[in-house]
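Shown below: entry_13.cif, with mmCIF, C-alpha atoms.
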data_model
loop_
_atom_site.label_atom_id
_atom_site.label_comp_id
_atom_site.auth_asym_id
_atom_site.auth_seq_id
_atom_site.Cartn_x
_atom_site.Cartn_y
_atom_site.Cartn_z
CA MET U 1093 34.81 -28.81 -61.65
CA SER U 1094 33.85 -25.21 -61.01
CA ARG U 1095 30.88 -24.16 -58.89
CA LEU U 1096 29.71 -20.55 -58.68
CA LEU U 1097 27.26 -19.46 -56.00
CA GLN U 1098 25.22 -16.39 -56.94
CA ILE U 1099 23.89 -14.46 -53.95
CA SER U 1100 22.44 -10.99 -53.72
CA ASP U 1101 20.63 -8.55 -51.43
CA THR U 1102 22.11 -9.72 -48.14
CA HIS U 1103 21.16 -6.32 -46.65
CA PHE U 1104 23.42 -6.63 -43.63
CA GLY U 1105 21.66 -4.87 -40.82
CA THR U 1106 18.59 -7.02 -41.51
CA GLU U 1107 20.36 -10.39 -41.86
CA GLN U 1108 19.04 -13.52 -40.14
CA PRO U 1109 21.75 -15.47 -38.26
CA ALA U 1110 20.09 -18.86 -38.81
CA VAL U 1111 19.94 -18.26 -42.57
CA ALA U 1112 23.58 -17.14 -42.61
CA ASP U 1113 24.58 -20.36 -40.83
CA ALA U 1114 22.58 -22.38 -43.35
CA LEU U 1115 24.26 -20.63 -46.27
CA ARG U 1116 27.70 -21.39 -44.86
CA ALA U 1117 26.64 -25.03 -44.55
CA LEU U 1118 25.46 -25.06 -48.18
CA VAL U 1119 28.77 -23.66 -49.41
CA GLN U 1120 30.68 -26.34 -47.54
CA ALA U 1121 28.38 -29.24 -48.43
CA GLU U 1122 28.31 -28.41 -52.15
CA GLN U 1123 32.05 -27.62 -52.27
CA VAL U 1124 31.50 -24.21 -53.81
CA GLU U 1125 34.67 -22.64 -55.23
CA HIS U 1126 33.45 -19.14 -56.15
CA VAL U 1127 30.89 -16.75 -54.65
CA LEU U 1128 29.42 -13.61 -56.21
CA LEU U 1129 27.57 -11.13 -53.99
CA ALA U 1130 25.75 -9.00 -56.56
CA GLY U 1131 24.82 -5.85 -54.71
CA ASP U 1132 22.74 -4.52 -51.82
CA ILE U 1133 25.34 -5.92 -49.50
CA THR U 1134 24.17 -3.60 -46.71
CA MET U 1135 20.91 -2.04 -45.67
CA ARG U 1136 22.09 1.54 -45.24
CA ALA U 1137 25.74 1.65 -46.35
CA ARG U 1138 27.01 1.99 -42.76
CA ARG U 1139 30.48 1.01 -41.65
CA GLY U 1140 29.27 -1.61 -39.17
CA GLN U 1141 27.09 -3.22 -41.83
CA PHE U 1142 29.96 -3.38 -44.32
CA ALA U 1143 32.18 -4.87 -41.58
CA ALA U 1144 29.61 -7.55 -40.82
CA ALA U 1145 29.24 -8.35 -44.51
CA ARG U 1146 33.00 -8.65 -44.95
CA ALA U 1147 33.25 -10.96 -41.92
CA PHE U 1148 30.53 -13.17 -43.38
CA MET U 1149 32.16 -13.36 -46.81
CA ASP U 1150 35.52 -14.14 -45.21
CA SER U 1151 33.90 -17.00 -43.29
CA LEU U 1152 32.93 -18.81 -46.50
CA PRO U 1153 35.43 -21.59 -47.41
CA VAL U 1154 35.80 -20.63 -51.09
CA GLN U 1155 38.62 -19.75 -53.49
CA THR U 1156 37.16 -16.56 -54.95
CA ARG U 1157 34.94 -13.89 -53.40
CA MET U 1158 33.47 -11.30 -55.76
CA THR U 1159 31.19 -8.36 -55.07
CA LEU U 1160 29.29 -5.60 -56.84
CA PRO U 1161 27.71 -2.58 -55.11
CA GLY U 1162 23.96 -2.12 -55.13
CA ASN U 1163 21.84 0.98 -54.63
CA HIS U 1164 21.70 0.30 -50.87
CA ASP U 1165 25.51 0.39 -50.72
CA ILE U 1166 25.62 4.14 -51.41
CA SER U 1167 24.81 6.43 -48.50
CA LEU U 1168 21.23 7.67 -48.57
CA TRP U 1169 21.22 9.99 -45.56
CA LEU U 1170 24.61 11.71 -46.05
CA PRO U 1171 24.30 13.50 -49.42
CA TRP U 1172 27.87 14.86 -49.42
CA ARG U 1173 29.21 11.32 -49.04
CA ARG U 1174 26.81 10.04 -51.70
CA PHE U 1175 27.87 12.58 -54.31
CA LEU U 1176 31.55 13.06 -53.44
CA TRP U 1177 32.62 9.57 -52.36
CA PRO U 1178 29.76 7.17 -53.21
CA TYR U 1179 31.84 3.99 -53.13
CA ARG U 1180 34.42 4.87 -50.49
CA LEU U 1181 33.10 2.54 -47.77
CA TYR U 1182 32.34 -0.19 -50.29
CA GLN U 1183 35.91 -0.07 -51.61
CA GLN U 1184 37.37 -0.05 -48.10
CA TYR U 1185 35.68 -3.32 -47.25
CA PHE U 1186 35.42 -4.88 -50.71
CA PRO U 1187 38.26 -3.54 -52.90
CA THR U 1188 37.22 -4.11 -56.51
CA ALA U 1189 39.51 -3.26 -59.44
CA PHE U 1190 36.90 -1.79 -61.79
CA ASP U 1191 37.83 -0.22 -65.10
CA THR U 1192 37.24 3.52 -65.24
CA ASP U 1193 33.75 2.84 -66.61
CA GLY U 1194 32.86 0.39 -63.83
CA VAL U 1195 33.51 -3.01 -65.47
CA ILE U 1196 35.58 -5.90 -64.09
CA HIS U 1197 36.47 -9.35 -65.46
CA TRP U 1198 36.86 -12.38 -63.19
CA ASP U 1199 38.55 -15.42 -64.74
CA LEU U 1200 37.25 -18.51 -62.92
CA GLY U 1201 38.71 -21.14 -65.23
CA PRO U 1202 35.90 -22.57 -67.36
CA ILE U 1203 33.64 -19.74 -66.15
CA HIS U 1204 34.31 -16.13 -67.11
CA LEU U 1205 32.27 -13.57 -65.19
CA ILE U 1206 32.17 -9.89 -66.16
CA GLY U 1207 30.78 -7.56 -63.52
CA VAL U 1208 29.15 -4.20 -64.26
CA ARG U 1209 28.67 -1.47 -61.66
CA THR U 1210 25.14 -0.40 -62.53
CA THR U 1211 24.43 1.85 -59.54
CA ARG U 1212 24.59 5.63 -59.95
CA ARG U 1213 24.99 8.34 -57.34
CA TYR U 1214 22.28 10.38 -59.06
CA ARG U 1215 19.72 7.54 -59.05
CA HIS U 1216 18.01 6.38 -55.88
CA ILE U 1217 16.89 2.88 -56.88
CA GLN U 1218 17.22 2.48 -60.64
CA GLY U 1219 20.42 1.30 -62.26
CA GLU U 1220 21.80 1.61 -65.75
CA ALA U 1221 24.28 0.12 -68.15
CA SER U 1222 25.91 2.93 -70.11
CA PRO U 1223 26.85 2.64 -73.81
CA ALA U 1224 30.52 2.58 -72.77
CA GLN U 1225 29.90 -0.25 -70.32
CA ILE U 1226 27.87 -2.23 -72.84
CA ALA U 1227 30.64 -1.91 -75.44
CA ASN U 1228 33.39 -2.76 -72.93
CA VAL U 1229 31.59 -5.91 -71.80
CA SER U 1230 30.96 -6.95 -75.43
CA ARG U 1231 34.63 -6.58 -76.31
CA ARG U 1232 35.63 -8.67 -73.32
CA LEU U 1233 33.10 -11.38 -74.16
CA GLN U 1234 34.24 -11.61 -77.77
CA ALA U 1235 37.86 -12.11 -76.66
CA LEU U 1236 37.01 -15.15 -74.51
CA PRO U 1237 37.36 -18.80 -75.66
CA ASP U 1238 34.31 -20.21 -77.40
CA ASP U 1239 34.03 -23.10 -74.94
CA ALA U 1240 33.95 -20.84 -71.85
CA LEU U 1241 30.77 -20.21 -69.90
CA LYS U 1242 30.43 -16.44 -70.41
CA LEU U 1243 28.35 -14.61 -67.82
CA VAL U 1244 27.64 -10.96 -67.04
CA ALA U 1245 26.73 -9.78 -63.54
CA VAL U 1246 24.73 -6.65 -62.73
CA HIS U 1247 22.64 -5.58 -59.74
CA GLN U 1248 19.32 -4.44 -61.26
CA PRO U 1249 17.59 -7.10 -63.39
CA ALA U 1250 18.12 -7.42 -67.13
CA LEU U 1251 14.66 -9.01 -67.43
CA VAL U 1252 11.53 -8.63 -65.30
CA ILE U 1253 8.64 -11.07 -65.55
CA GLU U 1254 5.99 -9.04 -63.72
CA GLU U 1255 4.66 -5.75 -65.03
CA GLU U 1256 4.85 -4.14 -61.60
CA GLU U 1257 8.61 -4.67 -61.58
CA ARG U 1258 9.19 -2.88 -64.88
CA LYS U 1259 10.23 0.22 -62.94
CA ASN U 1260 13.17 -1.80 -61.60
CA LEU U 1261 14.40 -2.99 -65.00
CA LEU U 1262 18.01 -2.08 -65.71
CA ARG U 1263 18.11 1.02 -67.88
CA GLY U 1264 19.80 0.13 -71.17
CA ALA U 1265 18.78 -3.52 -70.76
CA VAL U 1266 17.45 -3.88 -74.32
CA GLN U 1267 20.70 -2.65 -75.85
CA ALA U 1268 22.84 -4.55 -73.35
CA ASN U 1269 21.02 -7.85 -73.86
CA ALA U 1270 21.27 -7.59 -77.64
CA SER U 1271 24.97 -6.71 -77.59
CA TRP U 1272 25.96 -9.28 -74.98
CA ARG U 1273 23.92 -12.01 -76.68
CA ALA U 1274 25.74 -11.35 -79.95
CA ALA U 1275 29.08 -11.42 -78.13
CA GLY U 1276 28.43 -14.90 -76.74
CA ALA U 1277 27.08 -14.38 -73.22
CA ALA U 1278 25.05 -17.27 -71.84
CA GLY U 1279 23.43 -15.39 -68.98
CA VAL U 1280 23.02 -12.13 -67.09
CA LEU U 1281 23.08 -12.49 -63.30
CA GLY U 1282 21.10 -10.01 -61.21
CA GLY U 1283 19.24 -9.34 -57.99
CA HIS U 1284 17.64 -6.18 -56.55
CA ILE U 1285 13.97 -7.24 -56.57
CA HIS U 1286 14.25 -10.20 -54.16
CA GLU U 1287 12.50 -12.52 -56.63
CA PRO U 1288 14.35 -15.64 -57.81
CA TYR U 1289 13.88 -16.93 -61.36
CA VAL U 1290 15.81 -18.28 -64.33
CA GLU U 1291 14.17 -17.25 -67.58
CA LEU U 1292 15.15 -16.90 -71.23
CA ILE U 1293 15.45 -13.27 -72.34
CA PRO U 1294 13.35 -12.89 -75.50
CA PRO U 1295 15.48 -11.83 -78.48
CA GLY U 1296 14.70 -8.68 -80.40
CA PRO U 1297 13.91 -8.73 -84.14
CA GLN U 1298 17.56 -8.14 -85.06
CA ASP U 1299 19.16 -10.20 -82.26
CA ALA U 1300 21.33 -13.26 -82.75
CA PRO U 1301 19.28 -16.49 -82.44
CA THR U 1302 21.17 -17.77 -79.40
CA PRO U 1303 19.81 -18.30 -75.89
CA LEU U 1304 20.49 -15.66 -73.24
CA TRP U 1305 19.26 -16.34 -69.73
CA ALA U 1306 18.31 -13.99 -66.91
CA LEU U 1307 19.57 -15.55 -63.69
CA GLN U 1308 17.89 -13.77 -60.79
CA SER U 1309 18.68 -14.60 -57.18
CA GLY U 1310 16.43 -13.68 -54.28
CA THR U 1311 17.46 -12.07 -51.03
CA ALA U 1312 20.12 -14.34 -49.58
CA LEU U 1313 20.00 -13.49 -45.86
CA SER U 1314 17.67 -10.56 -45.22
CA ASP U 1315 14.30 -10.63 -43.47
CA ARG U 1316 13.02 -8.37 -46.29
CA ILE U 1317 11.08 -11.18 -47.99
CA ARG U 1318 8.83 -10.17 -50.91
CA ASP U 1319 5.80 -11.88 -52.46
CA ASN U 1320 6.22 -14.92 -50.23
CA TYR U 1321 9.55 -15.86 -51.82
CA PRO U 1322 11.92 -17.32 -49.20
CA ASN U 1323 15.59 -16.52 -48.91
CA SER U 1324 17.09 -17.88 -52.11
CA VAL U 1325 20.40 -18.28 -53.97
CA ASN U 1326 21.55 -19.82 -57.26
CA LEU U 1327 24.26 -22.44 -57.71
CA ILE U 1328 25.84 -22.71 -61.18
CA ARG U 1329 27.70 -25.96 -61.81
CA PRO U 1330 28.59 -28.42 -64.59
CA ALA U 1331 25.51 -30.34 -65.64
CA THR U 1332 25.09 -33.75 -64.07
CA ALA U 1333 22.66 -34.89 -66.78
CA ALA U 1334 20.74 -33.61 -69.77
CA PRO U 1335 17.05 -32.80 -69.31
CA GLN U 1336 14.72 -35.77 -69.65
CA GLY U 1337 14.08 -36.63 -73.27
CA HIS U 1338 17.04 -34.60 -74.58
CA LEU U 1339 19.52 -36.33 -76.89
CA HIS U 1340 23.09 -35.10 -77.03
CA ASN U 1341 24.55 -34.47 -80.45
CA PRO U 1342 28.32 -34.61 -81.17
CA LEU U 1343 28.72 -30.82 -81.04
CA GLN U 1344 27.10 -30.65 -77.61
CA LEU U 1345 29.31 -33.46 -76.32
CA ARG U 1346 32.37 -31.35 -77.14
CA THR U 1347 30.99 -28.32 -75.31
CA PRO U 1348 30.75 -28.26 -71.51
CA GLN U 1349 27.17 -28.07 -70.33
CA TRP U 1350 25.98 -26.22 -67.25
CA GLN U 1351 23.00 -26.12 -64.95
CA VAL U 1352 21.59 -23.50 -62.59
CA GLU U 1353 20.08 -24.74 -59.34
CA ARG U 1354 17.79 -22.58 -57.24
CA TRP U 1355 18.25 -23.19 -53.52
CA ASP U 1356 15.61 -21.84 -51.12
CA PHE U 1357 15.85 -21.63 -47.35
CA ASP U 1358 13.49 -24.13 -45.74
CA ALA U 1359 12.55 -22.86 -42.28
CA SER U 1360 11.36 -26.30 -41.17
CA LEU U 1361 14.76 -27.80 -41.98
CA GLN U 1362 16.78 -24.70 -41.07
CA ALA U 1363 18.70 -25.38 -44.27
CA PHE U 1364 18.80 -24.49 -47.94
CA ALA U 1365 17.20 -27.03 -50.29
CA CYS U 1366 17.38 -27.31 -54.08
CA VAL U 1367 13.92 -26.59 -55.49
CA ALA U 1368 14.54 -26.16 -59.25
CA THR U 1369 17.17 -26.88 -61.88
CA THR U 1370 17.57 -25.19 -65.26
CA TRP U 1371 19.90 -26.63 -67.88
CA LEU U 1372 21.86 -24.02 -69.84
CA ARG U 1373 22.23 -25.24 -73.40
#

Step by step, read the file and then write its structure as structure tokens.
Amino acid sequence: MSRLLQISDTHFGTEQPAVADALRALVQAEQVEHVLLAGDITMRARRGQFAAARAFMDSLPVQTRMTLPGNHDISLWLPWRRFLWPYRLYQQYFPTAFDTDGVIHWDLGPIHLIGVRTTRRYRHIQGEASPAQIANVSRRLQALPDDALKLVAVHQPALVIEEEERKNLLRGAVQANASWRAAGAAGVLGGHIHEPYVELIPPGPQDAPTPLWALQSGTALSDRIRDNYPNSVNLIRPATAAPQGHLHNPLQLRTPQWQVERWDFDASLQAFACVATTWLR
């Protein structure tokens, strides 16, 4: 068994203690082994906020803790720090062994997660996947076993479902999605817009005819709720059952199947509750 919790946009400095307690309880109750915090860890990239975020991550009873920086994790008010040492505080509190182009591979057994640092010191909000990063990720995906669950993690979304969010779409997303789909990725994990959804990324005319999912988590802990979405996280785990009406075929029986569960914070229960499940074929 391997369970991966996808969280994002904790925005420490605006975190809600009751929601943080509920998330710890979820991790323990669901026996989560691995946690990814996919950017916007802090609100304003301040030392105290990074320290609080690190203390929270250390409090989770998991095997593996993984992080990516978001646009809020680069100093906004100190331009010399932003342009000379954009990730210095992030690396002090969350050391991450990126390649020179900002890519890292986490081997989680049956799950392989490749993280991409999509923030840029010269961009305020927008992120991008460079041609070098796209190629690096594709090479890594192609080298993985066929029966692995191959995932890519970014901060800005690889797919937006509302026109007003198009400005937040990851730059280079079209090229990245096509390349990573062809290399065998099953999903691209993101955050940034505080809107949770799991949706198929439409293939382009020349793309491989295989499913690629956008797995978007909401804001995990922050009070910065948008569009009436509550605090929300995603739990990726081996599938407990096929969708109703689906018949397994022999090929599918030989390949591990996975599901993504969306867990929203329920204020009346003061706990996270599973509100939707998507089966990754």

Practice item. Find the residues with any atom within 8 Å of (31.6, -8.2, -59.5); use all atoms listed in the file and the coordinates as given in the file, and write the answer as a count of residues only. Key: 17

**Study point:** Explicit residues for the PyMOL selection byres ((chain U and resi 1102) around 10) (as a ChimeraX atom specification)
**Key:** /U:1099-1101,1103-1108,1112,1129-1135,1145,1286,1310-1316,1323

Exercise for review: Please provide the set of residues having any atom within 6 Å of Gly1282 (chain U), restricted to all atoms listed in the file, with same-chain residues fewer than 5 positions apart removed, written as a ChimeraX atom specification.
Suggested key: /U:1246-1249,1308

Point to revise | Hits of the PyMOL selection byres ((chain U and resi 1166) around 8) in this structure, as an MDAnalysis selection string | key: chainID U and resid 1136:1137 1161:1165 1167:1168 1174 1178:1179 1213

Practice item. Considering only C-alpha atoms, return as an NGL selection string whatever protein or nucleic-acid residues lie within 8 Å of Asn1260 (chain U), sequence-local ones (same chain, fewer than 5 positions apart) excluded. Key: :U and (1217-1219 or 1248-1249 or 1252 or 1285)

Save region 1283-1295 of chain U to a file: all heavy atoms, as a compact mmCIF listing (two decimals), in the first residue's frame.
# COMPACT_ATOMS: atom_id res chain seq x y z
N GLY U 1283 -1.64 23.38 -7.74
CA GLY U 1283 -2.38 24.15 -6.76
C GLY U 1283 -2.56 25.57 -7.27
O GLY U 1283 -3.04 25.79 -8.36
N HIS U 1284 -2.18 26.55 -6.46
CA HIS U 1284 -2.07 27.96 -6.83
C HIS U 1284 -3.39 28.72 -6.84
O HIS U 1284 -3.47 29.85 -6.34
CB HIS U 1284 -1.38 28.10 -8.18
CG HIS U 1284 -1.10 29.51 -8.62
ND1 HIS U 1284 -0.33 30.37 -7.87
CD2 HIS U 1284 -1.49 30.21 -9.72
CE1 HIS U 1284 -0.26 31.54 -8.49
NE2 HIS U 1284 -0.96 31.47 -9.61
N ILE U 1285 -4.46 28.15 -7.40
CA ILE U 1285 -5.70 28.91 -7.57
C ILE U 1285 -6.74 28.59 -6.50
O ILE U 1285 -7.84 29.13 -6.54
CB ILE U 1285 -6.30 28.69 -8.98
CG1 ILE U 1285 -6.55 27.22 -9.26
CG2 ILE U 1285 -5.38 29.30 -10.03
CD1 ILE U 1285 -7.23 26.96 -10.60
N HIS U 1286 -6.42 27.73 -5.56
CA HIS U 1286 -7.30 27.43 -4.42
C HIS U 1286 -8.62 26.81 -4.87
O HIS U 1286 -9.64 26.95 -4.16
CB HIS U 1286 -7.55 28.67 -3.57
CG HIS U 1286 -6.33 29.29 -2.98
ND1 HIS U 1286 -6.36 30.15 -1.91
CD2 HIS U 1286 -5.00 29.16 -3.28
CE1 HIS U 1286 -5.15 30.54 -1.58
NE2 HIS U 1286 -4.30 29.94 -2.43
N GLU U 1287 -8.64 26.13 -5.99
CA GLU U 1287 -9.84 25.48 -6.48
C GLU U 1287 -9.54 24.00 -6.71
O GLU U 1287 -8.69 23.65 -7.53
CB GLU U 1287 -10.32 26.11 -7.79
CG GLU U 1287 -10.79 27.55 -7.64
CD GLU U 1287 -11.37 28.12 -8.92
OE1 GLU U 1287 -11.53 27.34 -9.89
OE2 GLU U 1287 -11.66 29.32 -8.95
N PRO U 1288 -10.21 23.12 -5.98
CA PRO U 1288 -9.94 21.68 -6.13
C PRO U 1288 -10.75 21.06 -7.27
O PRO U 1288 -11.95 21.28 -7.40
CB PRO U 1288 -10.38 21.11 -4.78
CG PRO U 1288 -11.47 22.04 -4.32
CD PRO U 1288 -11.13 23.40 -4.87
N TYR U 1289 -10.08 20.28 -8.11
CA TYR U 1289 -10.77 19.49 -9.12
C TYR U 1289 -9.83 18.44 -9.67
O TYR U 1289 -8.60 18.56 -9.61
CB TYR U 1289 -11.32 20.36 -10.26
CG TYR U 1289 -10.35 21.32 -10.90
CD1 TYR U 1289 -9.50 20.93 -11.95
CD2 TYR U 1289 -10.28 22.65 -10.48
CE1 TYR U 1289 -8.62 21.82 -12.54
CE2 TYR U 1289 -9.41 23.55 -11.07
CZ TYR U 1289 -8.59 23.14 -12.10
OH TYR U 1289 -7.71 24.02 -12.69
N VAL U 1290 -10.41 17.37 -10.20
CA VAL U 1290 -9.69 16.32 -10.89
C VAL U 1290 -10.36 16.16 -12.25
O VAL U 1290 -11.51 15.71 -12.33
CB VAL U 1290 -9.72 14.98 -10.11
CG1 VAL U 1290 -8.99 13.90 -10.88
CG2 VAL U 1290 -9.10 15.16 -8.72
N GLU U 1291 -9.64 16.58 -13.30
CA GLU U 1291 -10.23 16.61 -14.63
C GLU U 1291 -9.24 16.05 -15.65
O GLU U 1291 -8.03 16.24 -15.52
CB GLU U 1291 -10.58 18.05 -15.03
CG GLU U 1291 -11.63 18.71 -14.16
CD GLU U 1291 -13.04 18.24 -14.47
OE1 GLU U 1291 -13.22 17.57 -15.53
OE2 GLU U 1291 -13.94 18.54 -13.67
N LEU U 1292 -9.77 15.40 -16.69
CA LEU U 1292 -8.93 14.95 -17.79
C LEU U 1292 -8.44 16.16 -18.59
O LEU U 1292 -9.21 17.09 -18.87
CB LEU U 1292 -9.70 14.01 -18.71
CG LEU U 1292 -9.84 12.57 -18.24
CD1 LEU U 1292 -10.85 11.82 -19.10
CD2 LEU U 1292 -8.49 11.86 -18.28
N ILE U 1293 -7.16 16.15 -18.94
CA ILE U 1293 -6.58 17.19 -19.78
C ILE U 1293 -6.83 16.80 -21.23
O ILE U 1293 -6.38 15.75 -21.68
CB ILE U 1293 -5.08 17.35 -19.52
CG1 ILE U 1293 -4.84 17.73 -18.05
CG2 ILE U 1293 -4.46 18.37 -20.47
CD1 ILE U 1293 -3.37 17.78 -17.66
N PRO U 1294 -7.57 17.60 -21.99
CA PRO U 1294 -7.87 17.23 -23.38
C PRO U 1294 -6.58 17.07 -24.19
O PRO U 1294 -5.69 17.93 -24.12
CB PRO U 1294 -8.71 18.40 -23.89
CG PRO U 1294 -9.25 19.06 -22.66
CD PRO U 1294 -8.19 18.88 -21.61
N PRO U 1295 -6.48 16.00 -24.97
CA PRO U 1295 -5.28 15.84 -25.81
C PRO U 1295 -5.31 16.76 -27.01
O PRO U 1295 -6.38 17.12 -27.51
CB PRO U 1295 -5.37 14.37 -26.24
CG PRO U 1295 -6.83 14.06 -26.21
CD PRO U 1295 -7.41 14.87 -25.09
